[in-house]
>>> print(open('input_23.txt').read())   # compact mmCIF, C-alpha atoms
# COMPACT_ATOMS: atom_id res chain seq x y z
CA MET A 1 -23.45 3.81 0.66
CA ARG A 2 -25.10 6.65 2.58
CA ILE A 3 -24.16 7.91 6.03
CA SER A 4 -27.78 7.38 7.08
CA GLU A 5 -27.30 3.65 6.34
CA LEU A 6 -24.36 3.21 8.71
CA GLU A 7 -26.66 1.98 11.46
CA LYS A 8 -26.90 -1.37 9.62
CA ILE A 9 -23.22 -2.13 10.38
CA ASP A 10 -22.86 -4.33 13.47
CA GLY A 11 -20.62 -2.91 16.16
CA LEU A 12 -20.52 0.59 14.68
CA ASP A 13 -21.46 3.47 16.97
CA CYS A 14 -21.83 6.28 14.46
CA GLY A 15 -24.48 8.98 14.04
CA CYS A 16 -25.67 10.85 10.96
CA PHE A 17 -25.19 14.62 11.31
CA ARG A 18 -25.57 15.40 7.60
CA ASP A 19 -26.22 12.72 5.02
CA GLY A 20 -23.86 11.97 2.15
CA GLU A 21 -22.73 9.15 -0.14
CA PHE A 22 -19.44 7.28 -0.38
CA ASP A 23 -18.02 4.12 -1.95
CA ALA A 24 -14.80 3.58 0.00
CA ILE A 25 -12.74 4.97 2.86
CA ALA A 26 -9.63 7.13 2.43
CA LEU A 27 -6.73 8.11 4.66
CA LEU A 28 -5.74 11.75 4.42
CA GLY A 29 -2.62 12.27 2.33
CA ARG A 30 -2.66 8.73 0.86
CA ARG A 31 -3.36 7.54 -2.67
CA LYS A 32 -7.01 6.93 -3.46
CA ASN A 33 -9.11 5.86 -6.42
CA GLU A 34 -10.31 9.07 -8.05
CA SER A 35 -13.28 7.28 -9.59
CA GLU A 36 -14.76 6.57 -6.16
CA ARG A 37 -16.39 8.76 -3.50
CA HIS A 38 -14.65 8.61 -0.13
CA ILE A 39 -15.22 8.92 3.58
CA SER A 40 -12.38 9.77 5.96
CA PHE A 41 -12.05 10.98 9.55
CA VAL A 42 -10.77 13.99 11.47
CA GLY A 43 -10.21 14.34 15.19
CA ALA A 44 -9.86 18.12 15.20
CA MET A 45 -10.63 21.16 13.06
CA LYS A 46 -6.97 21.60 12.10
CA TYR A 47 -7.24 18.60 9.75
CA LEU A 48 -10.21 19.97 7.78
CA PRO A 49 -8.04 21.70 5.12
CA GLN A 50 -6.59 18.28 4.21
CA VAL A 51 -10.13 16.95 3.76
CA LYS A 52 -10.95 19.76 1.34
CA GLU A 53 -7.65 19.48 -0.55
CA GLY A 54 -8.08 15.72 -0.85
CA GLY A 55 -11.57 15.98 -2.32
CA ILE A 56 -13.12 13.84 0.42
CA GLU A 57 -16.91 13.64 0.04
CA CYS A 58 -17.79 12.57 3.63
CA ILE A 59 -16.06 12.67 7.00
CA ILE A 60 -16.43 11.26 10.51
CA CYS A 61 -15.68 13.60 13.41
CA PRO A 62 -16.28 13.81 17.18
CA PRO A 63 -19.75 15.15 18.05
CA GLY A 64 -18.28 18.22 19.74
CA ILE A 65 -16.93 19.72 16.52
CA ALA A 66 -19.67 18.68 14.09
CA ASP A 67 -21.40 22.08 14.14
CA GLU A 68 -18.16 23.93 13.46
CA ILE A 69 -17.21 21.54 10.65
CA SER A 70 -20.65 21.83 9.03
CA ASN A 71 -20.13 25.59 8.69
CA ALA A 72 -16.88 25.11 6.75
CA TYR A 73 -17.49 21.88 4.86
CA ASP A 74 -20.27 20.94 2.43
CA GLY A 75 -19.90 17.15 2.44
CA GLY A 76 -21.61 14.47 4.46
CA ILE A 77 -20.81 14.34 8.17
CA ALA A 78 -21.01 11.37 10.55
CA THR A 79 -20.21 11.60 14.26
CA ALA A 80 -18.47 9.10 16.50
CA ASP A 81 -16.64 9.27 19.82
CA ASP A 82 -13.78 7.34 18.20
CA PRO A 83 -13.75 8.43 14.52
CA LYS A 84 -10.71 6.37 13.56
CA THR A 85 -12.18 3.11 14.84
CA ALA A 86 -15.48 3.96 13.15
CA LEU A 87 -13.69 4.50 9.83
CA PHE A 88 -11.93 1.14 9.90
CA THR A 89 -15.14 -0.62 10.97
CA ILE A 90 -16.81 0.83 7.89
CA HIS A 91 -13.81 -0.23 5.81
CA GLU A 92 -14.10 -3.84 6.96
CA TYR A 93 -17.81 -3.85 6.17
CA LEU A 94 -17.22 -2.50 2.65
CA ALA A 95 -14.37 -4.95 2.05
CA GLY A 96 -16.68 -7.85 2.87
CA ARG A 97 -19.10 -6.72 0.17
CA ARG A 98 -16.55 -6.57 -2.66
CA GLU A 99 -17.28 -8.70 -5.72
CA LYS A 100 -15.65 -12.11 -5.89
CA THR A 101 -14.91 -13.78 -9.22
CA PRO A 102 -13.35 -17.18 -9.97
CA SER A 103 -9.61 -17.13 -10.58
CA VAL A 104 -8.37 -17.31 -14.18
CA ILE A 105 -5.10 -19.16 -14.82
CA SER A 106 -3.59 -19.44 -18.28
CA PRO A 107 -3.23 -23.04 -19.48
CA PHE A 108 0.31 -22.07 -20.50
CA ALA A 109 1.34 -21.18 -16.92
CA LYS A 110 3.64 -23.63 -15.13
CA ILE A 111 2.56 -23.96 -11.51
CA SER A 112 4.07 -26.31 -8.94
CA ASP A 113 1.72 -28.82 -7.34
CA SER A 114 2.73 -27.50 -3.93
CA ALA A 115 1.85 -23.88 -4.73
CA LYS A 116 -1.33 -22.51 -3.16
CA ILE A 117 -3.34 -20.27 -5.50
CA SER A 118 -6.57 -18.66 -4.29
CA ASP A 119 -9.57 -19.88 -6.25
CA MET A 120 -11.06 -16.37 -6.22
CA ASN A 121 -9.88 -13.04 -7.67
CA VAL A 122 -6.55 -14.19 -9.11
CA VAL A 123 -5.44 -13.79 -12.74
CA ILE A 124 -2.26 -15.51 -13.95
CA GLY A 125 -1.01 -14.83 -17.47
CA GLU A 126 0.73 -16.90 -20.12
CA ASN A 127 4.10 -18.57 -19.50
CA VAL A 128 4.11 -17.60 -15.83
CA VAL A 129 6.22 -19.88 -13.61
CA ILE A 130 5.22 -20.38 -9.98
CA GLU A 131 7.58 -22.59 -7.99
CA GLU A 132 7.25 -24.80 -4.92
CA ASN A 133 5.33 -23.62 -1.86
CA VAL A 134 4.45 -20.21 -3.29
CA THR A 135 1.24 -18.68 -1.91
CA VAL A 136 -0.85 -16.40 -4.12
CA ARG A 137 -3.74 -14.75 -2.28
CA PRO A 138 -6.89 -13.04 -3.62
CA ASN A 139 -6.78 -9.82 -5.67
CA THR A 140 -3.50 -10.76 -7.36
CA PHE A 141 -2.75 -10.22 -11.05
CA ILE A 142 0.41 -11.71 -12.56
CA GLY A 143 1.48 -10.71 -16.06
CA ASP A 144 2.83 -12.87 -18.86
CA GLY A 145 6.28 -14.37 -18.49
CA SER A 146 6.75 -13.58 -14.80
CA VAL A 147 8.47 -15.98 -12.39
CA ILE A 148 7.63 -16.37 -8.69
CA MET A 149 10.24 -18.51 -6.94
CA ALA A 150 9.90 -20.94 -4.04
CA ASN A 151 8.34 -20.02 -0.69
CA THR A 152 7.31 -16.50 -1.70
CA VAL A 153 3.99 -15.05 -0.51
CA VAL A 154 2.12 -12.72 -2.87
CA GLY A 155 -0.79 -10.83 -1.36
CA ALA A 156 0.10 -11.03 2.33
CA PRO A 157 -2.01 -8.77 4.59
CA ALA A 158 -0.54 -5.37 5.39
CA PHE A 159 1.16 -4.79 8.73
CA TYR A 160 -1.24 -1.99 9.63
CA TYR A 161 -3.06 -1.69 12.98
CA TYR A 162 -5.25 0.70 14.93
CA GLY A 163 -6.26 0.93 18.61
CA ASN A 164 -4.27 0.14 21.74
CA GLY A 165 -3.82 -2.74 24.16
CA ASP A 166 -6.60 -5.31 24.12
CA GLY A 167 -8.46 -3.15 21.61
CA ARG A 168 -5.73 -3.24 18.97
CA LYS A 169 -6.90 -4.64 15.64
CA MET A 170 -5.31 -5.29 12.28
CA VAL A 171 -6.82 -3.22 9.48
CA CYS A 172 -8.51 -5.40 6.87
CA SER A 173 -6.38 -5.36 3.71
CA SER A 174 -8.93 -4.88 0.94
CA GLY A 175 -6.50 -4.13 -1.89
CA GLY A 176 -4.40 -6.35 -4.09
CA VAL A 177 -1.14 -6.92 -5.96
CA LYS A 178 -0.38 -6.22 -9.62
CA ILE A 179 2.71 -7.87 -11.05
CA GLY A 180 3.63 -6.86 -14.59
CA LYS A 181 5.19 -8.81 -17.44
CA ASN A 182 8.59 -10.53 -17.20
CA VAL A 183 8.98 -9.85 -13.47
CA HIS A 184 11.24 -12.15 -11.44
CA ILE A 185 10.62 -12.48 -7.70
CA HIS A 186 13.10 -14.74 -5.94
CA SER A 187 12.59 -17.07 -2.99
CA ASN A 188 11.29 -16.25 0.51
CA THR A 189 10.02 -12.81 -0.42
CA SER A 190 6.82 -11.23 0.92
CA VAL A 191 4.66 -8.94 -1.21
CA CYS A 192 1.85 -7.32 0.79
CA ARG A 193 -1.39 -6.26 -0.82
CA GLY A 194 -2.82 -2.76 -0.73
CA VAL A 195 -4.42 -1.96 2.60
CA ILE A 196 -7.22 0.44 1.61
CA GLY A 197 -8.46 -0.92 -1.70
CA GLY A 198 -5.41 0.08 -3.76
CA PHE A 199 -2.66 -2.06 -5.23
CA THR A 200 0.94 -2.89 -4.55
CA GLU A 201 2.51 -2.78 -8.01
CA ILE A 202 5.63 -4.42 -9.41
CA ARG A 203 5.76 -3.24 -13.00
CA ASP A 204 7.23 -4.81 -16.13
CA ASN A 205 10.79 -6.17 -16.17
CA CYS A 206 11.51 -5.72 -12.46
CA ALA A 207 13.69 -8.17 -10.54
CA VAL A 208 13.36 -8.76 -6.80
CA ALA A 209 15.92 -10.85 -4.91
CA GLU A 210 15.56 -13.26 -1.99
CA ASN A 211 14.25 -12.32 1.47
CA VAL A 212 12.80 -8.97 0.44
CA THR A 213 9.79 -7.35 2.14
CA ILE A 214 7.59 -5.27 -0.13
CA SER A 215 5.03 -3.62 2.11
CA HIS A 216 1.50 -2.53 1.26
CA ASP A 217 0.84 -0.02 -1.52
CA VAL A 218 4.46 0.02 -2.74
CA ILE A 219 5.06 0.83 -6.41
CA LEU A 220 8.15 -0.45 -8.23
CA ASP A 221 8.35 1.19 -11.63
CA GLU A 222 9.60 -0.58 -14.74
CA GLY A 223 13.08 -2.09 -14.86
CA THR A 224 13.87 -1.69 -11.16
CA ILE A 225 16.18 -4.15 -9.40
CA ILE A 226 15.76 -4.87 -5.68
CA ALA A 227 18.69 -6.74 -4.13
CA LEU A 228 18.86 -9.27 -1.27
CA GLY A 229 17.22 -8.44 2.06
CA VAL A 230 15.76 -5.03 1.17
CA GLN A 231 12.88 -3.71 3.29
CA LEU A 232 10.38 -1.34 1.65
CA GLY A 233 7.89 0.45 3.93
CA GLY A 234 4.28 1.15 3.07
CA TRP A 235 3.44 3.57 0.23
CA VAL A 236 7.04 3.69 -1.02
CA GLN A 237 7.34 4.61 -4.71
CA ILE A 238 10.50 3.49 -6.49
CA GLY A 239 11.15 5.12 -9.85
CA LYS A 240 11.97 3.59 -13.22
CA ASP A 241 15.28 1.71 -13.60
CA ASN A 242 16.34 2.08 -9.96
CA PHE A 243 18.82 -0.19 -8.20
CA VAL A 244 18.32 -0.80 -4.47
CA GLY A 245 21.37 -2.48 -2.92
CA ILE A 246 21.66 -5.36 -0.46
CA GLY A 247 20.06 -4.79 2.94
CA ALA A 248 18.79 -1.27 2.27
CA ASP A 249 15.80 0.00 4.25
CA ILE A 250 13.41 2.55 2.78
CA ALA A 251 11.01 4.31 5.14
CA PRO A 252 7.27 4.60 4.42
CA ASN A 253 6.12 7.22 1.90
CA VAL A 254 9.57 7.79 0.37
CA LYS A 255 9.67 8.44 -3.39
CA THR A 256 12.62 8.07 -5.72
CA GLY A 257 13.08 9.42 -9.25
CA LYS A 258 14.26 7.48 -12.28
CA ASN A 259 17.77 5.98 -12.50
CA VAL A 260 18.43 6.22 -8.77
CA LYS A 261 21.00 3.99 -7.07
CA ILE A 262 20.67 3.22 -3.37
CA SER A 263 23.85 1.71 -1.95
CA MET A 264 23.79 -1.46 0.13
CA GLY A 265 22.91 -1.00 3.79
CA SER A 266 21.47 2.47 3.26
CA VAL A 267 18.60 3.75 5.40
CA VAL A 268 16.54 6.09 3.24
CA THR A 269 14.17 8.41 5.07
CA ARG A 270 13.48 11.12 2.48
CA ASP A 271 12.76 11.43 -1.22
CA VAL A 272 15.63 10.87 -3.67
CA PRO A 273 15.79 12.92 -6.90
CA GLU A 274 16.37 11.25 -10.26
CA GLU A 275 19.83 10.36 -11.57
CA THR A 276 21.43 10.32 -8.10
CA GLN A 277 23.03 7.83 -5.73
CA VAL A 278 22.60 7.83 -1.96
CA SER A 279 24.50 5.97 0.75
CA GLY A 280 24.70 5.65 4.51
CA ASN A 281 22.52 5.68 7.60
CA TYR A 282 20.71 8.02 7.21
CA ALA A 283 21.29 8.04 3.47
CA ILE A 284 22.79 11.17 1.86
CA ASP A 285 24.32 11.94 -1.54
CA HIS A 286 26.89 9.22 -2.26
CA ASP A 287 29.81 11.57 -3.05
CA LEU A 288 29.18 13.52 0.15
CA PHE A 289 29.03 10.25 2.10
CA ILE A 290 32.40 9.10 0.68
CA SER A 291 34.01 12.50 1.33
CA ASP A 292 32.80 12.47 4.94
CA LEU A 293 34.01 8.89 5.39
CA LYS A 294 37.48 9.75 4.10
CA ASP A 295 37.69 12.69 6.50
CA LYS A 296 36.85 10.42 9.41
CA LEU A 297 39.51 7.89 8.37
CA LYS A 298 42.33 10.43 8.24
>>> encode(input="input_23.txt", output="structure tokens")
Amino acid sequence: MRISELEKIDGLDCGCFRDGEFDAIALLGRRKNESERHISFVGAMKYLPQVKEGGIECIICPPGIADEISNAYDGGIATADDPKTALFTIHEYLAGRREKTPSVISPFAKISDSAKISDMNVVIGENVVIEENVTVRPNTFIGDGSVIMANTVVGAPAFYYYGNGDGRKMVCSSGGVKIGKNVHIHSNTSVCRGVIGGFTEIRDNCAVAENVTISHDVILDEGTIIALGVQLGGWVQIGKDNFVGIGADIAPNVKTGKNVKISMGSVVTRDVPEETQVSGNYAIDHDLFISDLKDKLK
């Protein structure tokens, strides 16, 4: 799409300062599809370096800084009094134009009669088991041998909003969910789909317990175990062969290395290096946590 074509979008108040082409929107500092061209937004000049570093082809900015931006940036420029709202309006328009294809379900999958599977944009592999009252929404791919247990929702919309008061709106979740082979997801769990075209991924041989929330754009690498009641914020990346204990909370954007153990009840707010264990609220190195606890109990 070209910036000069934005006028065709109903409800969008956006001008063309310098034309350019894009395929999807992007949020600065977030994962994006490198095969696509992107449009993002800035509210002030101080954010322009992130635009350049992120390889963003087009941006939306307030009219008052368009001249200054054009002197330092070669991409397409659109102007709007509220650039953020303009960006998400464009996103919703693009999401509505995405290709829809009939769902493909292996004849060897075992699916409960009470499960609700979208008839569009779902692929379910061989020997998959989907139990009672499971909901599988569009843009979901489930690999061979995986099991989705009762009352779980796969592909729930992201909890992601913009605006304030009466003008607050939920961002359209245009992404999907990829579940690998031999994944077990237990009952009453919610797996949100990617919010800006990307995927929430649960890779091969993972196990997810009951009452877990896996937010949008989370990645669980192979062999990871997520215990009862864990909450994973958006864009979390859990490394290979991790164990996340009962009731742990992991803040958005946190990354963990391989073979990490997160103790039950931990609140993790920063990245965790490989081959370590963290504990506590806020979580720190496990040995340090135990040493501090013993000092307090003396």
>>> residues_around(input="input_23.txt", residues="Asp113 of chain A", least_positions_apart="6", cutoff="9 Å", atoms="all atoms listed in the file", output="list of chain:residue names")
A:Glu131, A:Glu132, A:Asn133
>>> residues_around(input="input_23.txt", residues="segment 238-249 of chain A", least_positions_apart="2", cutoff="10 Å", atoms="only C-alpha atoms", output="JSON, numbers by chain")
{"A": [202, 203, 205, 206, 207, 208, 209, 211, 212, 213, 218, 219, 220, 221, 222, 223, 224, 225, 226, 227, 228, 229, 230, 231, 232, 233, 235, 236, 251, 252, 254, 255, 256, 257, 258, 259, 260, 261, 262, 263, 264, 265, 266, 267, 268, 269, 271, 272, 273, 274, 275, 276, 277, 278, 279, 280, 281, 282, 283]}
>>> closest_residue(input="input_23.txt", among="A:Val104, A:Ala66, A:Ser4, A:Arg270", to="Asp81 of chain A", atoms="all atoms listed in the file")
A:Ala66
>>> closest_atom_pairs(input="input_23.txt", of="segment 46-163 of chain A", to="segment 9-12 of chain A", cutoff="8 Å", atoms="all atoms listed in the file", output="CSV")
residue,atom,partner,partner_atom,distance
A:Ala86,CA,A:Leu12,CA,6.3
A:Thr89,CA,A:Leu12,CA,6.6
A:Ile90,CA,A:Ile9,CA,7.5
A:Tyr93,CA,A:Ile9,CA,7.1
>>> residues_around(input="input_23.txt", residues="Lys110 of chain A", least_positions_apart="5", cutoff="12 Å", atoms="only C-alpha atoms", output="list in words")
Ile105, Ala115, Ile124, Gly125, Glu126, Asn127, Val128, Val129, Ile130, Glu131, Glu132, Asp144, Gly145, Ser146, Val147, Ile148 and Met149 of chain A
>>> decode(input="input_23.txt", residues="segment 172-203 of chain A", atoms="N, CA and C atoms", output="compact mmCIF listing (two decimals), in the first residue's frame")
# COMPACT_ATOMS: atom_id res chain seq x y z
N CYS A 172 -6.73 -4.57 16.96
CA CYS A 172 -7.08 -5.78 16.22
C CYS A 172 -5.91 -6.74 16.21
N SER A 173 -6.12 -7.98 16.67
CA SER A 173 -5.06 -8.98 16.69
C SER A 173 -5.03 -9.69 15.33
N SER A 174 -4.05 -9.35 14.53
CA SER A 174 -3.99 -9.87 13.16
C SER A 174 -3.07 -11.08 13.02
N GLY A 175 -2.40 -11.45 14.10
CA GLY A 175 -1.45 -12.56 14.04
C GLY A 175 -2.10 -13.90 14.31
N GLY A 176 -1.29 -14.86 14.72
CA GLY A 176 -1.81 -16.20 14.94
C GLY A 176 -1.06 -16.95 16.02
N VAL A 177 -1.26 -18.27 16.04
CA VAL A 177 -0.63 -19.16 17.01
C VAL A 177 -0.04 -20.35 16.25
N LYS A 178 1.21 -20.68 16.56
CA LYS A 178 1.85 -21.87 16.02
C LYS A 178 2.17 -22.81 17.18
N ILE A 179 1.60 -23.98 17.15
CA ILE A 179 1.86 -25.01 18.15
C ILE A 179 2.60 -26.15 17.45
N GLY A 180 3.74 -26.52 17.99
CA GLY A 180 4.59 -27.53 17.35
C GLY A 180 4.07 -28.94 17.54
N LYS A 181 4.97 -29.90 17.36
CA LYS A 181 4.63 -31.31 17.48
C LYS A 181 4.75 -31.77 18.94
N ASN A 182 3.85 -32.67 19.31
CA ASN A 182 3.88 -33.32 20.63
C ASN A 182 3.84 -32.31 21.77
N VAL A 183 3.05 -31.27 21.61
CA VAL A 183 2.83 -30.27 22.66
C VAL A 183 1.57 -30.67 23.43
N HIS A 184 1.64 -30.55 24.77
CA HIS A 184 0.47 -30.79 25.61
C HIS A 184 0.09 -29.48 26.29
N ILE A 185 -1.16 -29.07 26.08
CA ILE A 185 -1.69 -27.88 26.76
C ILE A 185 -2.88 -28.34 27.58
N HIS A 186 -2.79 -28.17 28.89
CA HIS A 186 -3.83 -28.67 29.79
C HIS A 186 -5.02 -27.72 29.87
N SER A 187 -5.99 -28.08 30.69
CA SER A 187 -7.31 -27.45 30.69
C SER A 187 -7.29 -25.99 31.15
N ASN A 188 -8.27 -25.23 30.64
CA ASN A 188 -8.55 -23.86 31.10
C ASN A 188 -7.37 -22.91 30.89
N THR A 189 -6.63 -23.14 29.84
CA THR A 189 -5.50 -22.28 29.51
C THR A 189 -5.88 -21.38 28.35
N SER A 190 -5.30 -20.17 28.33
CA SER A 190 -5.56 -19.22 27.25
C SER A 190 -4.25 -18.94 26.51
N VAL A 191 -4.29 -19.11 25.19
CA VAL A 191 -3.14 -18.81 24.34
C VAL A 191 -3.56 -17.69 23.38
N CYS A 192 -3.00 -16.51 23.57
CA CYS A 192 -3.38 -15.37 22.73
C CYS A 192 -2.60 -15.37 21.43
N ARG A 193 -3.20 -14.87 20.38
CA ARG A 193 -2.52 -14.81 19.10
C ARG A 193 -1.66 -13.55 19.00
N GLY A 194 -0.75 -13.53 18.04
CA GLY A 194 0.08 -12.36 17.83
C GLY A 194 -0.77 -11.13 17.53
N VAL A 195 -0.34 -9.99 18.03
CA VAL A 195 -1.18 -8.80 17.90
C VAL A 195 -0.92 -8.03 16.61
N ILE A 196 0.33 -8.00 16.14
CA ILE A 196 0.65 -7.22 14.93
C ILE A 196 1.17 -8.17 13.85
N GLY A 197 0.36 -9.14 13.47
CA GLY A 197 0.72 -9.98 12.35
C GLY A 197 1.66 -11.13 12.64
N GLY A 198 2.34 -11.11 13.80
CA GLY A 198 3.27 -12.19 14.13
C GLY A 198 2.56 -13.36 14.80
N PHE A 199 3.36 -14.26 15.34
CA PHE A 199 2.80 -15.48 15.94
C PHE A 199 3.23 -15.65 17.38
N THR A 200 2.32 -16.14 18.19
CA THR A 200 2.65 -16.77 19.47
C THR A 200 3.06 -18.20 19.14
N GLU A 201 4.20 -18.63 19.67
CA GLU A 201 4.74 -19.94 19.29
C GLU A 201 4.97 -20.81 20.53
N ILE A 202 4.45 -22.04 20.46
CA ILE A 202 4.75 -23.06 21.46
C ILE A 202 5.40 -24.19 20.68
N ARG A 203 6.69 -24.33 20.82
CA ARG A 203 7.45 -25.23 19.94
C ARG A 203 7.43 -26.67 20.43
